[in-house]
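> Following this message is one structure expressed as structure tokens.
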Amino acid sequence: MKLATLRDGTRDGRLVVVSRDLTRYTDASFMVRTLQAALDDWPRYGPQLEAMAGSLETGAVPSSRFHEHDATSPLPRAYARIIFPDALDGHELAPSAHFGAPRDAILVERDSSLDARIEMAAIFGDLPAAATRDEVSAELRLVMLGNRVRQANGRPGSEEIVTCYSPVAVTPDELGPGWDAVATDLTLHLSVNGRPFEHAGTRFFSGFADRVARLARVRPLYAGTIVVSPVIDAGPSVKIGDSLRIEMREAAGHSIFGAIEQPVQRPG
């Protein structure tokens, strides 16, 4: 299942279900207005959204053309965000945040270099303190592709310019079997100004559930918490005038999350 949030003038937008090929959507907001509301009562709304997704694929529900530039981040704001750094141990608890849209420009005042950190983001349901690995796996609701832009050579605590997530969030089954393993049949396509950015390799969720379970030993996680982990060791550096494109595709070449496309510009 693929879900998106369309802009509607409110902080949290309206929830829609998107077809697997990312060409069509059907409105879900009459049933549950926002993605956060769906996450708060997933046992009720999750199956209904899945049924709606099936009906969308067969043409059994009204649908409209899906335009990725109309979407904001699937979860436009989150109560909590936990960031796993490159190291295997440790994490950073980031404050609640409002996230940019995947087609909005990155706005910077001065002409300095910025680092793009490409991440996979997992959205969980409620996890009690001391949750087991199996409970962590069961409470993984959705996955997104993300881009967290910081000042170049930024260290933990340095200024975060903007974070955005992909046009759609997907249930783990959309990634193929074994979400907690290295998904070698998924490829990251990353370019700056239309030129491919060479990266050594791609990491996904290997050992991810174990790390989240270790984290949950000391604190509960509440529905809508985003947990992020880097996809590649080092992302590109960009500056004013550059344009960044990020997309992940499956073995047949189809986009999974839609594309993040961000020009870097001065305000105004």
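In the structure tokens, chains take the letters A, B, ... in the order shown, each chain's residues start at 1, and ligands count up from 1 in the order shown.
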If we count only C-alpha atoms, what is near Leu140 (chain A) at a cut-off of 8 Å, once residues fewer than 2 positions away on the same chain are taken out, given as a PDB file with C-alpha atoms, in the first residue's frame?


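Wrote it out as part21.pdb, contents follow:
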```pdb
ATOM      1  CA  ALA A 122      10.453   4.131   9.329  1.00  0.00           C
ATOM      2  CA  ILE A 123       7.163   5.188  10.934  1.00  0.00           C
ATOM      3  CA  PHE A 124       6.075   3.088  13.883  1.00  0.00           C
ATOM      4  CA  GLY A 125       2.899   2.493  15.808  1.00  0.00           C
ATOM      5  CA  VAL A 136       9.181  -3.791  16.708  1.00  0.00           C
ATOM      6  CA  SER A 137       8.695  -5.609  13.400  1.00  0.00           C
ATOM      7  CA  ALA A 138       4.941  -5.874  13.974  1.00  0.00           C
ATOM      8  CA  LEU A 142       5.315   2.697   6.851  1.00  0.00           C
ATOM      9  CA  PRO A 172       7.043  -2.734   4.159  1.00  0.00           C
TER      10      PRO A 172
END
```

> Please report the interatomic distance between CA of Val238 (chain A) and CA of Glu160 (chain A) in Å with one decimal.

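Computed distance, CA of Val238 (chain A) to CA of Glu160 (chain A), equals 14.1 Å.
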
> Hey, can you check how far CA of Asp233 (chain A) sits from CA of Ile118 (chain A)?

8.9 Å

> So which residues touch region 34-43 of chain A within 12 Å, counting only C-alpha atoms, skipping near sequence neighbours fewer than 4 positions away, as a VMD selection string?

chain A and resid 2 to 8 10 to 17 27 to 30 47 to 50 72 to 79 123 to 126 138 to 142 168 to 169 222 to 226

> Counting only C-alpha atoms, give me one row per residue of region 37-119 of chain A with an atom at most 10 Å from an atom of region 244-259 of chain A, showing the shortest contact pair and its distance in Å to one decimal, sorted by chain then residue number, as JSON lines.


```
{"residue": "A:His67", "atom": "CA", "partner": "A:Gly258", "partner_atom": "CA", "distance": 9.9}
{"residue": "A:Glu68", "atom": "CA", "partner": "A:Gly258", "partner_atom": "CA", "distance": 7.0}
{"residue": "A:His69", "atom": "CA", "partner": "A:Ala259", "partner_atom": "CA", "distance": 9.5}
{"residue": "A:Pro102", "atom": "CA", "partner": "A:Ala259", "partner_atom": "CA", "distance": 7.4}
{"residue": "A:Arg103", "atom": "CA", "partner": "A:Ala259", "partner_atom": "CA", "distance": 8.3}
{"residue": "A:Ala105", "atom": "CA", "partner": "A:Leu244", "partner_atom": "CA", "distance": 9.7}
{"residue": "A:Ile106", "atom": "CA", "partner": "A:Leu244", "partner_atom": "CA", "distance": 9.7}
{"residue": "A:Ala116", "atom": "CA", "partner": "A:Leu244", "partner_atom": "CA", "distance": 8.9}
{"residue": "A:Ile118", "atom": "CA", "partner": "A:Ile246", "partner_atom": "CA", "distance": 8.2}
```

> Could the residues in this selection be saved with C-alpha atoms as a short mmCIF file (atom, residue, chain, number, x, y, z; two decimals), in the first residue's frame?


```cif
data_model
loop_
_atom_site.label_atom_id
_atom_site.label_comp_id
_atom_site.auth_asym_id
_atom_site.auth_seq_id
_atom_site.Cartn_x
_atom_site.Cartn_y
_atom_site.Cartn_z
CA HIS A 67 0.92 14.54 -9.33
CA GLU A 68 3.94 14.22 -7.06
CA HIS A 69 4.41 17.99 -6.87
CA PRO A 102 9.67 16.72 -1.69
CA ARG A 103 9.42 19.19 -4.59
CA ALA A 105 13.23 24.37 -3.05
CA ILE A 106 15.97 24.33 -0.42
CA ALA A 116 22.52 16.10 1.69
CA ILE A 118 19.94 10.44 2.23
#
```

> Counting only C-alpha atoms, which of A:Ala130, A:Thr163, A:Ile82, A:Ala213 gets nearest to Leu107 (chain A)?

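Between A:Ala130, A:Thr163, A:Ile82, A:Ala213, the residue approaching Leu107 (chain A) most closely is A:Thr163.
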
> So which bits of region 20-257 of chain A end up strand (DSSP E or B) when you DSSP the backbone, as a PyMOL selection string?

chain A and resi 24-27+64-65+71-72+77-78+81-83+92-94+97-98+100+106-107+114-124+127+140-151+160-165+169-170+187-192+195-196+221+226-230+237-238+243-249+255

> Within region 40-247 of chain A, find each residue whose DSSP state, derived from the backbone, is alpha helix (DSSP H), and express the selection as number ranges by chain.

A: 40, 42-58, 133-139, 208-216

> Let's have the selection written as a CSV table (one decimal), in the first residue's frame, with C-alpha atoms.


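Dumped to out26.csv:
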```csv
chain,number,residue,atom,x,y,z
A,40,ASP,CA,-3.2,6.7,16.1
A,42,TRP,CA,-4.1,1.7,12.9
A,43,PRO,CA,-5.9,-1.5,13.9
A,44,ARG,CA,-9.1,0.2,12.7
A,45,TYR,CA,-7.9,2.3,9.8
A,46,GLY,CA,-5.0,0.2,8.4
A,47,PRO,CA,-7.3,-2.6,7.1
A,48,GLN,CA,-9.7,-0.1,5.6
A,49,LEU,CA,-6.9,1.7,3.8
A,50,GLU,CA,-5.5,-1.6,2.5
A,51,ALA,CA,-9.0,-2.5,1.2
A,52,MET,CA,-9.2,0.9,-0.5
A,53,ALA,CA,-5.7,0.4,-2.1
A,54,GLY,CA,-7.0,-2.9,-3.5
A,55,SER,CA,-10.1,-1.3,-4.9
A,56,LEU,CA,-7.9,1.5,-6.5
A,57,GLU,CA,-5.9,-1.1,-8.4
A,58,THR,CA,-9.0,-2.7,-9.8
A,133,ARG,CA,12.3,-7.4,18.2
A,134,ASP,CA,9.2,-9.1,17.1
A,135,GLU,CA,7.0,-6.3,18.5
A,136,VAL,CA,9.2,-3.8,16.7
A,137,SER,CA,8.7,-5.6,13.4
A,138,ALA,CA,4.9,-5.9,14.0
A,139,GLU,CA,4.6,-2.2,14.7
A,208,PHE,CA,17.3,-2.2,12.1
A,209,ALA,CA,14.7,-4.0,14.2
A,210,ASP,CA,17.4,-5.0,16.7
A,211,ARG,CA,18.6,-1.4,17.1
A,212,VAL,CA,15.0,-0.1,17.6
A,213,ALA,CA,14.4,-2.8,20.2
A,214,ARG,CA,17.5,-1.8,22.1
A,215,LEU,CA,16.3,1.8,22.0
A,216,ALA,CA,12.8,0.7,23.3
```

> Tell me, in Å to one decimal, how far CA of Val108 (chain A) is from CA of Leu188 (chain A).

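One can read the CA of Val108 (chain A) to CA of Leu188 (chain A) distance as 26.0 Å.
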
> Pick out the residues sitting within 10 Å of Ser112 (chain A), and hand them over as a PyMOL selection string; count only C-alpha atoms, and ignore anything fewer than 4 positions along from it in its own chain.

chain A and resi 108+151-152+237-240

> Taking only C-alpha atoms into account, which of A:Phe99, A:Phe84, A:Tyr25, A:Tyr165 comes nearest Met144 (chain A)?

A:Tyr165
